[in-house]
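Dumped query36.txt below, it's compact mmCIF, C-alpha atoms:
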# COMPACT_ATOMS: atom_id res chain seq x y z
CA VAL U 1 83.93 119.95 110.86
CA HIS U 2 85.02 116.40 110.03
CA LYS U 3 81.75 115.54 108.31
CA CYS U 4 81.73 118.81 106.34
CA LEU U 5 85.27 118.21 105.05
CA ARG U 6 84.43 114.64 104.02
CA THR U 7 81.29 115.88 102.28
CA ALA U 8 83.29 118.57 100.48
CA ALA U 9 85.79 115.97 99.27
CA GLY U 10 82.92 113.90 97.92
CA MET U 11 81.43 116.88 96.14
CA PHE U 12 84.73 117.78 94.50
CA ASN U 13 85.13 114.16 93.37
CA TYR U 14 81.56 114.12 92.02
CA VAL U 15 82.12 117.29 89.99
CA ARG U 16 85.42 115.95 88.67
CA GLU U 17 83.99 112.54 87.75
CA GLN U 18 80.63 113.62 86.37
CA HIS U 19 81.16 117.10 84.94
CA SER U 20 84.85 117.67 84.26
CA ALA U 21 84.50 117.01 80.54
CA SER U 22 81.92 119.75 80.09
CA LEU U 23 83.70 122.10 82.49
CA ASN U 24 87.07 121.55 80.84
CA ASP U 25 85.99 123.58 77.81
CA LEU U 26 85.02 126.48 80.08
CA SER U 27 87.96 126.31 82.44
CA VAL U 28 90.76 128.78 82.39
CA SER U 29 94.25 127.38 82.64
CA CYS U 30 94.71 126.54 86.30
CA GLY U 31 91.15 127.59 87.15
CA ASP U 32 88.84 126.00 89.69
CA CYS U 33 87.37 123.65 87.08
CA ASP U 34 90.74 122.24 86.04
CA VAL U 35 90.86 118.50 86.76
CA ASN U 36 94.10 118.79 88.74
CA ILE U 37 92.62 121.59 90.86
CA LEU U 38 89.54 119.47 91.55
CA TYR U 39 91.79 116.55 92.55
CA THR U 40 93.71 118.90 94.83
CA TYR U 41 90.56 120.27 96.47
CA ALA U 42 89.23 116.76 97.12
CA THR U 43 92.51 115.41 98.46
CA GLN U 44 93.14 118.46 100.63
CA SER U 45 89.63 118.16 102.08
CA GLN U 46 90.27 114.51 102.89
CA ALA U 47 93.61 115.36 104.50
CA GLU U 48 92.11 118.11 106.63
CA ALA U 49 89.29 115.79 107.73
CA GLN U 50 91.91 113.27 108.73
CA GLU U 51 93.72 115.99 110.68
CA VAL U 52 90.56 116.36 112.76
CA THR U 53 90.59 112.61 113.41
CA LEU U 54 94.28 112.80 114.33
CA ALA U 55 93.70 115.67 116.77
CA ARG U 56 90.87 113.74 118.38
CA ALA U 57 93.07 110.63 118.72
CA ILE U 58 95.74 112.73 120.42
CA GLU U 59 93.18 114.37 122.68
CA LEU U 60 91.77 110.98 123.71
CA LYS U 61 95.29 109.67 124.31
CA HIS U 62 95.03 106.77 121.89
CA ASN U 63 97.91 104.38 121.34
CA ALA U 64 101.04 106.08 119.98
CA SER U 65 101.28 103.64 117.07
CA LEU U 66 97.73 104.55 115.97
CA ILE U 67 98.53 108.26 116.19
CA SER U 68 101.75 107.73 114.25
CA ALA U 69 99.92 105.79 111.52
CA LEU U 70 97.24 108.49 111.23
CA ALA U 71 99.88 111.22 111.03
CA ASN U 72 101.74 109.32 108.33
CA GLU U 73 98.60 108.78 106.24
CA THR U 74 97.62 112.43 106.66
CA SER U 75 101.05 113.51 105.48
CA LYS U 76 100.71 111.27 102.42
CA LEU U 77 97.40 112.91 101.54
CA PHE U 78 98.92 116.40 101.71
CA LYS U 79 101.84 115.21 99.54
CA GLN U 80 99.36 113.76 97.04
CA ALA U 81 97.45 117.05 96.92
CA ASP U 82 100.71 118.88 96.26
CA SER U 83 101.60 116.46 93.47
CA TYR U 84 98.45 117.48 91.56
CA LEU U 85 99.53 121.12 91.79
CA ASP U 86 103.04 120.15 90.71
CA VAL U 87 101.57 118.88 87.43
CA LEU U 88 100.06 122.33 86.86
CA SER U 89 103.27 124.09 87.87
CA GLN U 90 105.16 122.24 85.17
CA LYS U 91 102.70 123.33 82.47
CA SER U 92 103.49 127.03 82.56
CA LYS U 93 105.11 129.79 84.56
CA GLU U 94 101.72 131.46 84.99
CA ALA U 95 100.21 128.31 86.50
CA SER U 96 103.24 127.90 88.73
CA GLU U 97 102.81 131.43 90.06
CA LYS U 98 99.08 130.89 90.64
CA VAL U 99 99.55 127.81 92.80
CA SER U 100 102.83 128.67 94.54
CA LYS U 101 101.29 129.83 97.83
CA TRP U 102 98.91 126.87 97.87
CA ARG U 103 101.86 124.52 97.36
CA LYS U 104 103.71 126.17 100.25
CA TYR U 105 100.69 125.62 102.49
CA LEU U 106 100.49 121.95 101.50
CA SER U 107 104.23 121.40 102.01
CA PHE U 108 103.95 123.04 105.43
CA LYS U 109 101.22 120.54 106.34
CA VAL U 110 103.43 117.59 105.37

What does this structure look like when you write it as structure tokens?
Amino acid sequence: VHKCLRTAAGMFNYVREQHSASLNDLSVSCGDCDVNILYTYATQSQAEAQEVTLARAIELKHNASLISALANETSKLFKQADSYLDVLSQKSKEASEKVSKWRKYLSFKV
């Protein structure tokens, strides 16, 4: 699972970096090809991969300070993912409605 999530994050970043200009013309407001959505997908994938690492650290009874640091960094990633959606939410009411449940999920993960 960890490797798949890291790979997914890399793929989202690749699409954003290499193809976002051409996809931007095709994208619907707040659609999957929107740059902020691609940032969110990539960051969320990284955060969820880090959750797997965190769970493993807990399971293996690693040092509490290491677990705390991993949890803090994971929380920051989920906050960052939410911040990309916040940019979309401020653009229009329609975009805000489209991403509201996603934002709730991300804030729950923080």

**Prompt:** For Leu85 (chain U), which residue among U:Gly10, U:Leu66, U:Gln50, U:Thr43 is the nearest when counting all atoms listed in the file?
**Reply:**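 Result for the nearest residue to Leu85 (chain U): U:Thr43.
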
**Request:** Can you work out the spacing between CA of Arg6 (chain U) and CA of Ile58 (chain U) in Å, to one decimal?
**Result:** 20.0 Å

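As for CA of Gln80 (chain U) and CA of Asn63 (chain U), they are spaced 26.1 Å apart.
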
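From CA of Ser100 (chain U) back to CA of His19 (chain U), the distance works out to 26.4 Å.
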
Padded axis-aligned box of region 65-82 of chain U (5 Å per side), centre and edge lengths, Å, one decimal, as lines of an AutoDock Vina configuration file:
center_x = 99.5
center_y = 111.3
center_z = 106.7
size_x = 14.6
size_y = 25.2
size_z = 30.8

**Proximity to Leu77 (chain U) - best of U:Val35, U:Val110, U:Ala21, U:Ala47, all atoms listed in the file** =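 Using all atoms listed in the file, the shortest distance to Leu77 (chain U) belongs to U:Ala47.
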
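Distances from U:Ile37, U:Leu54, U:Leu70, U:Ala49 to Ser83 (chain U) were compared using only C-alpha atoms, and the smallest one belongs to U:Ile37.
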
**Request:** Excluding Tyr41 (chain U) and any residue of its chain fewer than 2 positions from it, enumerate the residues within 9 Å of it, using only C-alpha atoms, and give them as an MDAnalysis selection string.
**Result:** chainID U and resid 8:9 12:13 36:39 43:46 81

**Prompt:** Using only C-alpha atoms, which of U:Ser107, U:Gly31, U:Asp82, U:Ala57 sits nearest Ala95 (chain U)?
**Reply:**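 The answer is U:Gly31, which sits nearest to Ala95 (chain U).
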
**Message:** Which residue is closest to Val15 (chain U)? Choose from U:Ala64, U:Val1, U:Cys33, U:Val99 and count only C-alpha atoms.
**Reply:**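 Result for the nearest residue to Val15 (chain U): U:Cys33.
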
**All residues 10 Å or closer to Lys109 (chain U), all atoms listed in the file, same chain fewer than 6 positions away omitted, as number ranges by chain** = U: 47-48, 51, 74-75, 77-79, 103

**Request:** Would you mind telling me which residue in U:Leu106, U:Ile67, U:Leu88, U:Leu5 lies nearest to Ala55 (chain U) when using all atoms listed in the file?
**Result:**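 The answer is U:Ile67, which sits nearest to Ala55 (chain U).
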